[in-house]
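**Q** Mind looking over this structure? Questions follow.
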Amino acid sequence: MAGKSKAGEGRTGLLNGFAAYGMWGLVPLFWPLLKPAGAGEILAHRMVWSLAFVAVALIVVRRWKWAGELLRQPRRLALVTVAAAVITVNWGVYIWAVNSGHVVEASLGYFINPLVTIAMGVLLLKERLRPVQWVAVGVGLAAVLVLTVGYGHPPWISLCLAFSFATYGLVKKKVDLGGVESLAAETAIQFLPALGYLLWLSAHGGSTFTGEGAGHSALLASTGIVTALPLVCFGAAAIRVPLSTLGLLQYMAPVFQFLLGVVYFGEAMPPERWAGFALVWLALVLLTGDAWRTSRRTARALRASRLMVAEAGMPGAAATGEAAVTAGAVAGAVAGAVREDGGAPPAAEAPEASPVANP
């Protein structure tokens with residue numbers, strides 16, 4: 001029964017993971033529906049209605065203890081403010097890019113985000129990379145140079161999305177809040193400026209919320225659901241499937257966005273852009289393959305460590321000294337597996353599946 005229950009949990013987790021990344025991948029179909037609202041108005045509505053949605057969700061599940069703790073910790077609150085500012089830039093650029101016909105370039109931002117995250121880990125956190133990871137970062141840099149030639153200018157949209165989201169992920173590591181709680185805290189900070197902007201827009205006759213019919217108003221209000229629902233699905237997946245699985249699923253979103261840009265929106269892809277994207281995909285294959293091998297080495301080391309513990313197990317207090325020695329051997333085995341070939345600490349092992357990867 002326990003095996004069946006575990007298998008069922010795994011299937012539920014996978015379905016939720018597919019749902020989360022599928023929704024994030026298909027979101028370029030949603031933002032154009034909100035025209036004639038501009039990117040600024042859509043962004044402000046997203047902030048306001050996201051807070052309303054997650055507040056209702058938190059009231060239902062009665063999870064408010066974290067808010068009091070956060071308010072008593074000025075440093076964490078400051079980090080949440082930074083996260084809110086950075087994700088505001090990310091959301092705004094993405095909405096503008098999609099509604100301005102740059103879906104493919106926006107998808108590129110989320111393809112190169114893992115590479116940017118690793119580069120920031122090296123530069124800011126002094127993490128060490130394995131040789132394959134260095135090659136992947138170098139190939140990613142070459143891809144940016146090729147795309148710069150292809151576009152006639154650096155791919156600013158992609159770079160802005162990648163760096164803003166990588167910064168957001170770095171800050172969130174320090175804050176250490178759950179996905180829904182983090183979104184609630186960030187949108188609470190965004191709420192007053194966003195509401196003030198919407199009121200100003202309405203006072204100056206620039207608001208479309210009440211002037212384009214009930215359907216348009218409902219669509220603007222649904223930005224909160226579009227933002228929070230994939231996050232809820234992600235949360236359900238994150239507790240049921242391994243991080244390595246989520247790390248692979250995360251590529252669904254930019255793949256869907258890229259296909260929508262090329263096939264549905266009909267954006268141009270001359271040969272030099274294909275060459276740039278091919279280099280990005282090569283870098284990601286190298287990175288993912290290296291992470292997979294490292295994960296398998298770590299799993300083997302953990303199995304070996306459990307066997308060592310079982311063989312060294314002794315009843316009573318006499319086992320204390322030997323258990324301590326065994327624990328040291330276990331730690332050494334695991335650390336050796338993770339850092340083999342001059343590797344990096346766990347933070348740089350693989351592209352991380354972000355809890356708020358919603359563009």
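Naming scheme: A, B, ... for chains in displayed order of the structure tokens; residues 1 onward per chain; ligands 1 onward as shown.
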Could you pull the residues within 6 Å of stretch 36-47 of chain A, counting only C-alpha atoms, minus those fewer than 2 positions along the same chain, as a short mmCIF file (atom, residue, chain, number, x, y, z; two decimals) with N, CA, C and O atoms, in the first residue's frame?

**A**
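Listing of part.cif after writing:
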```cif
data_model
loop_
_atom_site.label_atom_id
_atom_site.label_comp_id
_atom_site.auth_asym_id
_atom_site.auth_seq_id
_atom_site.Cartn_x
_atom_site.Cartn_y
_atom_site.Cartn_z
N LEU A 34 -5.20 41.35 -23.37
CA LEU A 34 -5.47 42.50 -22.50
C LEU A 34 -5.34 43.83 -23.23
O LEU A 34 -5.55 44.89 -22.63
N TRP A 49 -4.13 42.45 -8.34
CA TRP A 49 -4.99 41.28 -8.29
C TRP A 49 -4.25 40.04 -7.80
O TRP A 49 -4.88 39.13 -7.23
N SER A 50 -2.93 39.99 -7.97
CA SER A 50 -2.17 38.87 -7.41
C SER A 50 -2.23 38.89 -5.90
O SER A 50 -2.39 37.85 -5.25
N GLY A 92 7.38 43.43 -16.00
CA GLY A 92 7.10 44.53 -16.92
C GLY A 92 7.75 44.34 -18.28
O GLY A 92 7.12 44.54 -19.32
N ILE A 95 5.94 41.39 -20.20
CA ILE A 95 4.64 41.77 -20.76
C ILE A 95 4.83 42.67 -21.98
O ILE A 95 4.19 42.48 -23.02
N TRP A 96 5.72 43.67 -21.84
CA TRP A 96 5.99 44.57 -22.97
C TRP A 96 6.53 43.79 -24.16
O TRP A 96 6.13 44.02 -25.31
N THR A 187 3.96 41.15 -3.46
CA THR A 187 2.85 41.93 -4.01
C THR A 187 2.27 42.90 -2.99
O THR A 187 1.70 43.92 -3.36
N ALA A 194 1.27 50.28 -7.21
CA ALA A 194 0.47 49.83 -8.35
C ALA A 194 -0.92 50.43 -8.31
O ALA A 194 -1.43 50.93 -9.33
N THR A 208 -8.08 51.61 -19.06
CA THR A 208 -8.99 50.84 -19.92
C THR A 208 -9.88 49.91 -19.09
O THR A 208 -10.70 49.18 -19.65
N THR A 223 -5.53 38.50 -14.06
CA THR A 223 -4.07 38.46 -14.02
C THR A 223 -3.57 37.90 -12.68
O THR A 223 -2.49 37.30 -12.63
N GLY A 224 -4.36 38.10 -11.63
CA GLY A 224 -3.98 37.53 -10.33
C GLY A 224 -4.00 36.02 -10.35
O GLY A 224 -3.10 35.35 -9.82
#
```

**Q** Which of stretch 73-249 of chain A end up as alpha helix (DSSP H) when DSSP is run on this backbone - answer as a ChimeraX atom specification?

**A** /A:74-99,103-125,131-151,156-175,179-203,214-221,223-238,243-249

**Q** Name the residues in contact with A:Ala19 at a cut-off of 12 Å, using only C-alpha atoms, excluding same-chain residues fewer than 2 positions from it; report them as a list of chain:residue names.

**A**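 Those residues are A:Thr12, A:Gly13, A:Leu14, A:Leu15, A:Asn16, A:Gly17, A:Tyr21, A:Gly22, A:Met23, A:Trp24, A:Gly25, A:Leu26, A:Leu229, A:Pro230, A:Leu231, A:Val232, A:Cys233, A:Phe234, A:Gly235, A:Ala236, A:Ala237, A:Leu246, A:Leu249, A:Gln250, A:Met252, A:Ala253.
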
**Q** Which residues are near A:Ala136? Cut-off 10 Å, only C-alpha atoms, ignore same chain within fewer than 2 positions. Put them as a ChimeraX atom specification.

**A** /A:115,118,131-134,138-142,279-288,290

**Q** Per residue of stretch 119-161 of chain A within 12 Å of stretch 167-185 of chain A, note the shortest atom pair and the distance in Å to one decimal, counting only C-alpha atoms, and order the rows by chain and increasing residue number, as CSV.

**A**
```
residue,atom,partner,partner_atom,distance
A:Ala119,CA,A:Thr167,CA,11.3
A:Met120,CA,A:Thr167,CA,8.3
A:Gly121,CA,A:Leu170,CA,8.6
A:Leu124,CA,A:Leu170,CA,9.8
A:Leu125,CA,A:Leu170,CA,9.9
A:Leu159,CA,A:Thr167,CA,11.9
A:Cys160,CA,A:Thr167,CA,10.5
A:Leu161,CA,A:Thr167,CA,9.9
```

**Q** Given the selection you just returned, output its residues as a file containing C-alpha atoms, formatted as a compact mmCIF listing (two decimals), in the first residue's frame.

**A**
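And here's result-v8.txt as it stands now:
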```txt
# COMPACT_ATOMS: atom_id res chain seq x y z
CA ALA A 119 27.85 32.98 -13.66
CA MET A 120 26.47 35.08 -10.81
CA GLY A 121 27.26 32.27 -8.38
CA LEU A 124 29.19 37.00 -6.36
CA LEU A 125 29.29 33.85 -4.21
CA LEU A 159 19.57 39.76 -21.02
CA CYS A 160 17.26 41.94 -18.93
CA LEU A 161 14.90 39.02 -18.26
```

**Q** Which residues come within 9 Å of A:Gly150, counting only C-alpha atoms, excluding same-chain residues fewer than 2 positions away, as a list in words?

**A**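 The contact residues come out as Leu145, Val146, Leu147, Thr148, Gly152, His153, Pro154, Pro270, Pro271, Glu272, Arg273, Ala275 and Gly276 of chain A.
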
**Q** Any chance you could export the current selection's all heavy atoms as an mmCIF file, in the first residue's frame?

**A**
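As a result, result_11.cif now contains:
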```cif
data_model
loop_
_atom_site.group_PDB
_atom_site.id
_atom_site.type_symbol
_atom_site.label_atom_id
_atom_site.label_comp_id
_atom_site.auth_asym_id
_atom_site.auth_seq_id
_atom_site.Cartn_x
_atom_site.Cartn_y
_atom_site.Cartn_z
ATOM 1 N N LEU A 145 27.035 36.524 -28.275
ATOM 2 C CA LEU A 145 27.765 37.272 -29.305
ATOM 3 C C LEU A 145 27.180 37.018 -30.698
ATOM 4 O O LEU A 145 27.018 37.947 -31.498
ATOM 5 C CB LEU A 145 29.245 36.882 -29.276
ATOM 6 C CG LEU A 145 30.014 37.258 -28.003
ATOM 7 C CD1 LEU A 145 31.440 36.724 -28.055
ATOM 8 C CD2 LEU A 145 30.017 38.775 -27.798
ATOM 9 N N VAL A 146 26.859 35.757 -30.992
ATOM 10 C CA VAL A 146 26.253 35.431 -32.288
ATOM 11 C C VAL A 146 24.905 36.115 -32.438
ATOM 12 O O VAL A 146 24.572 36.671 -33.503
ATOM 13 C CB VAL A 146 26.104 33.899 -32.438
ATOM 14 C CG1 VAL A 146 25.259 33.548 -33.665
ATOM 15 C CG2 VAL A 146 27.476 33.239 -32.541
ATOM 16 N N LEU A 147 24.101 36.099 -31.380
ATOM 17 C CA LEU A 147 22.782 36.738 -31.431
ATOM 18 C C LEU A 147 22.904 38.255 -31.543
ATOM 19 O O LEU A 147 22.051 38.912 -32.155
ATOM 20 C CB LEU A 147 21.966 36.353 -30.195
ATOM 21 C CG LEU A 147 21.475 34.899 -30.196
ATOM 22 C CD1 LEU A 147 21.016 34.490 -28.802
ATOM 23 C CD2 LEU A 147 20.343 34.717 -31.189
ATOM 24 N N THR A 148 23.955 38.820 -30.963
ATOM 25 C CA THR A 148 24.188 40.263 -31.095
ATOM 26 C C THR A 148 24.396 40.622 -32.564
ATOM 27 O O THR A 148 23.859 41.616 -33.064
ATOM 28 C CB THR A 148 25.408 40.688 -30.261
ATOM 29 O OG1 THR A 148 25.126 40.448 -28.875
ATOM 30 C CG2 THR A 148 25.726 42.168 -30.466
ATOM 31 N N GLY A 152 21.681 42.673 -34.671
ATOM 32 C CA GLY A 152 22.252 43.982 -34.947
ATOM 33 C C GLY A 152 22.486 44.784 -33.681
ATOM 34 O O GLY A 152 22.943 45.931 -33.735
ATOM 35 N N HIS A 153 22.202 44.191 -32.550
ATOM 36 C CA HIS A 153 22.409 44.808 -31.229
ATOM 37 C C HIS A 153 22.334 43.690 -30.200
ATOM 38 O O HIS A 153 21.811 42.607 -30.503
ATOM 39 C CB HIS A 153 21.342 45.875 -30.944
ATOM 40 C CG HIS A 153 19.938 45.343 -31.020
ATOM 41 N ND1 HIS A 153 19.346 44.617 -30.009
ATOM 42 C CD2 HIS A 153 19.011 45.416 -32.017
ATOM 43 C CE1 HIS A 153 18.122 44.275 -30.355
ATOM 44 N NE2 HIS A 153 17.887 44.741 -31.578
ATOM 45 N N PRO A 154 22.869 43.904 -28.999
ATOM 46 C CA PRO A 154 22.750 42.855 -27.978
ATOM 47 C C PRO A 154 21.280 42.515 -27.731
ATOM 48 O O PRO A 154 20.413 43.390 -27.832
ATOM 49 C CB PRO A 154 23.400 43.492 -26.737
ATOM 50 C CG PRO A 154 24.330 44.514 -27.288
ATOM 51 C CD PRO A 154 23.648 45.060 -28.517
ATOM 52 N N PRO A 270 15.972 34.288 -38.818
ATOM 53 C CA PRO A 270 17.015 34.120 -39.843
ATOM 54 C C PRO A 270 18.095 33.162 -39.345
ATOM 55 O O PRO A 270 18.171 32.846 -38.153
ATOM 56 C CB PRO A 270 17.551 35.539 -40.021
ATOM 57 C CG PRO A 270 17.181 36.272 -38.782
ATOM 58 C CD PRO A 270 15.920 35.653 -38.285
ATOM 59 N N PRO A 271 18.963 32.683 -40.252
ATOM 60 C CA PRO A 271 19.960 31.659 -39.898
ATOM 61 C C PRO A 271 20.840 32.035 -38.703
ATOM 62 O O PRO A 271 21.159 31.181 -37.869
ATOM 63 C CB PRO A 271 20.797 31.530 -41.176
ATOM 64 C CG PRO A 271 19.858 31.921 -42.272
ATOM 65 C CD PRO A 271 18.991 32.998 -41.695
ATOM 66 N N GLU A 272 21.237 33.315 -38.602
ATOM 67 C CA GLU A 272 22.135 33.682 -37.504
ATOM 68 C C GLU A 272 21.439 33.566 -36.143
ATOM 69 O O GLU A 272 22.088 33.263 -35.132
ATOM 70 C CB GLU A 272 22.696 35.096 -37.707
ATOM 71 C CG GLU A 272 21.654 36.184 -37.856
ATOM 72 C CD GLU A 272 21.233 36.398 -39.298
ATOM 73 O OE1 GLU A 272 21.439 35.482 -40.126
ATOM 74 O OE2 GLU A 272 20.703 37.483 -39.597
ATOM 75 N N ARG A 273 20.130 33.779 -36.113
ATOM 76 C CA ARG A 273 19.409 33.596 -34.842
ATOM 77 C C ARG A 273 19.284 32.114 -34.512
ATOM 78 O O ARG A 273 19.415 31.721 -33.347
ATOM 79 C CB ARG A 273 18.028 34.252 -34.912
ATOM 80 C CG ARG A 273 18.103 35.754 -34.982
ATOM 81 C CD ARG A 273 16.732 36.401 -34.928
ATOM 82 N NE ARG A 273 16.806 37.806 -35.323
ATOM 83 C CZ ARG A 273 15.750 38.584 -35.503
ATOM 84 N NH1 ARG A 273 14.525 38.107 -35.321
ATOM 85 N NH2 ARG A 273 15.912 39.852 -35.864
ATOM 86 N N ALA A 275 21.438 29.944 -35.283
ATOM 87 C CA ALA A 275 22.779 29.568 -34.820
ATOM 88 C C ALA A 275 22.967 29.962 -33.349
ATOM 89 O O ALA A 275 23.504 29.180 -32.552
ATOM 90 C CB ALA A 275 23.843 30.235 -35.690
ATOM 91 N N GLY A 276 22.510 31.162 -32.984
ATOM 92 C CA GLY A 276 22.618 31.608 -31.603
ATOM 93 C C GLY A 276 21.814 30.736 -30.653
ATOM 94 O O GLY A 276 22.302 30.335 -29.591
#
```

**Q** From the set A:Leu259, A:Ala97, A:Leu123, A:Ala228, which residue has the shortest atom-to-atom contact distance to A:Pro32, counting only C-alpha atoms?

**A**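 Closest to A:Pro32 of all the choices is A:Ala97.
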
**Q** Set the distance at 8 Å and use only C-alpha atoms: which residues neighbour A:Ala162 once local chain neighbours fewer than 4 positions away are removed? I'd like the list as a list of chain:residue names.

**A** A:Gly109, A:Tyr110, A:Ile112, A:Asn113, A:Val116, A:Ser158, A:Ala166

**Q** Nearest to A:Asn90: which of A:Leu302, A:Val56, A:Val48, A:Ile157 is it, counting only C-alpha atoms?

**A**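 Answer, going by the shortest atom-to-atom distance: A:Ile157.
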
**Q** Excluding same-chain residues fewer than 2 positions from A:Leu219, what lies within 10 Å of it counting only C-alpha atoms, as a compact mmCIF listing (two decimals) with N, CA, C and O atoms, in the first residue's frame?

**A**
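Dumped to result.txt:
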```txt
# COMPACT_ATOMS: atom_id res chain seq x y z
N PHE A 30 -1.85 34.87 -23.40
CA PHE A 30 -2.77 35.61 -22.54
C PHE A 30 -2.57 37.12 -22.62
O PHE A 30 -3.54 37.89 -22.74
N TRP A 31 -1.31 37.58 -22.56
CA TRP A 31 -1.08 39.02 -22.46
C TRP A 31 -1.65 39.82 -23.63
O TRP A 31 -2.20 40.91 -23.41
N LEU A 33 -4.38 39.41 -25.07
CA LEU A 33 -5.83 39.53 -24.88
C LEU A 33 -6.19 40.79 -24.08
O LEU A 33 -7.34 41.22 -24.10
N LEU A 34 -5.20 41.35 -23.37
CA LEU A 34 -5.47 42.50 -22.50
C LEU A 34 -5.34 43.83 -23.23
O LEU A 34 -5.55 44.89 -22.63
N ILE A 42 -1.22 46.80 -17.45
CA ILE A 42 -1.33 45.36 -17.20
C ILE A 42 -0.48 44.96 -16.01
O ILE A 42 -0.92 44.19 -15.14
N HIS A 45 -2.15 46.05 -12.74
CA HIS A 45 -3.28 45.16 -12.41
C HIS A 45 -2.77 43.80 -11.93
O HIS A 45 -3.34 43.21 -11.00
N PHE A 209 -9.73 49.93 -17.78
CA PHE A 209 -10.41 48.95 -16.93
C PHE A 209 -11.93 49.04 -17.03
O PHE A 209 -12.62 48.02 -17.07
N ALA A 214 -17.14 44.68 -19.76
CA ALA A 214 -16.98 43.80 -18.61
C ALA A 214 -15.97 42.69 -18.88
O ALA A 214 -15.23 42.27 -17.97
N GLY A 215 -15.92 42.20 -20.11
CA GLY A 215 -14.97 41.13 -20.44
C GLY A 215 -13.53 41.57 -20.26
O GLY A 215 -12.70 40.83 -19.71
N HIS A 216 -13.23 42.80 -20.70
CA HIS A 216 -11.87 43.32 -20.54
C HIS A 216 -11.53 43.49 -19.07
O HIS A 216 -10.42 43.15 -18.64
N SER A 217 -12.49 44.00 -18.30
CA SER A 217 -12.26 44.16 -16.86
C SER A 217 -11.99 42.82 -16.20
O SER A 217 -11.09 42.70 -15.35
N ALA A 221 -8.62 41.55 -14.22
CA ALA A 221 -8.69 41.01 -12.85
C ALA A 221 -8.12 39.60 -12.78
O ALA A 221 -7.55 39.20 -11.74
N SER A 222 -8.23 38.84 -13.87
CA SER A 222 -7.75 37.46 -13.86
C SER A 222 -6.23 37.37 -13.91
O SER A 222 -5.68 36.27 -13.80
N THR A 223 -5.53 38.50 -14.06
CA THR A 223 -4.07 38.46 -14.02
C THR A 223 -3.57 37.90 -12.68
O THR A 223 -2.49 37.30 -12.63
N GLY A 224 -4.36 38.10 -11.63
CA GLY A 224 -3.98 37.53 -10.33
C GLY A 224 -4.00 36.02 -10.35
O GLY A 224 -3.10 35.35 -9.82
N ILE A 225 -5.03 35.44 -10.99
CA ILE A 225 -5.12 33.98 -11.10
C ILE A 225 -4.01 33.45 -12.00
O ILE A 225 -3.37 32.44 -11.69
N VAL A 226 -3.77 34.13 -13.13
CA VAL A 226 -2.73 33.70 -14.06
C VAL A 226 -1.36 33.71 -13.39
O VAL A 226 -0.50 32.87 -13.68
```

**Q** How many Å separate atom CA of A:Leu248 from atom CA of A:Ile87?

**A**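 Atom-to-atom, atom CA of A:Leu248 to atom CA of A:Ile87, that is 22.8 Å.
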
**Q** Pick out the closest residue to A:Val80 from this set: A:Ser164, A:Lys126, A:Glu186, A:Ala20. Count only C-alpha atoms.

**A** A:Glu186
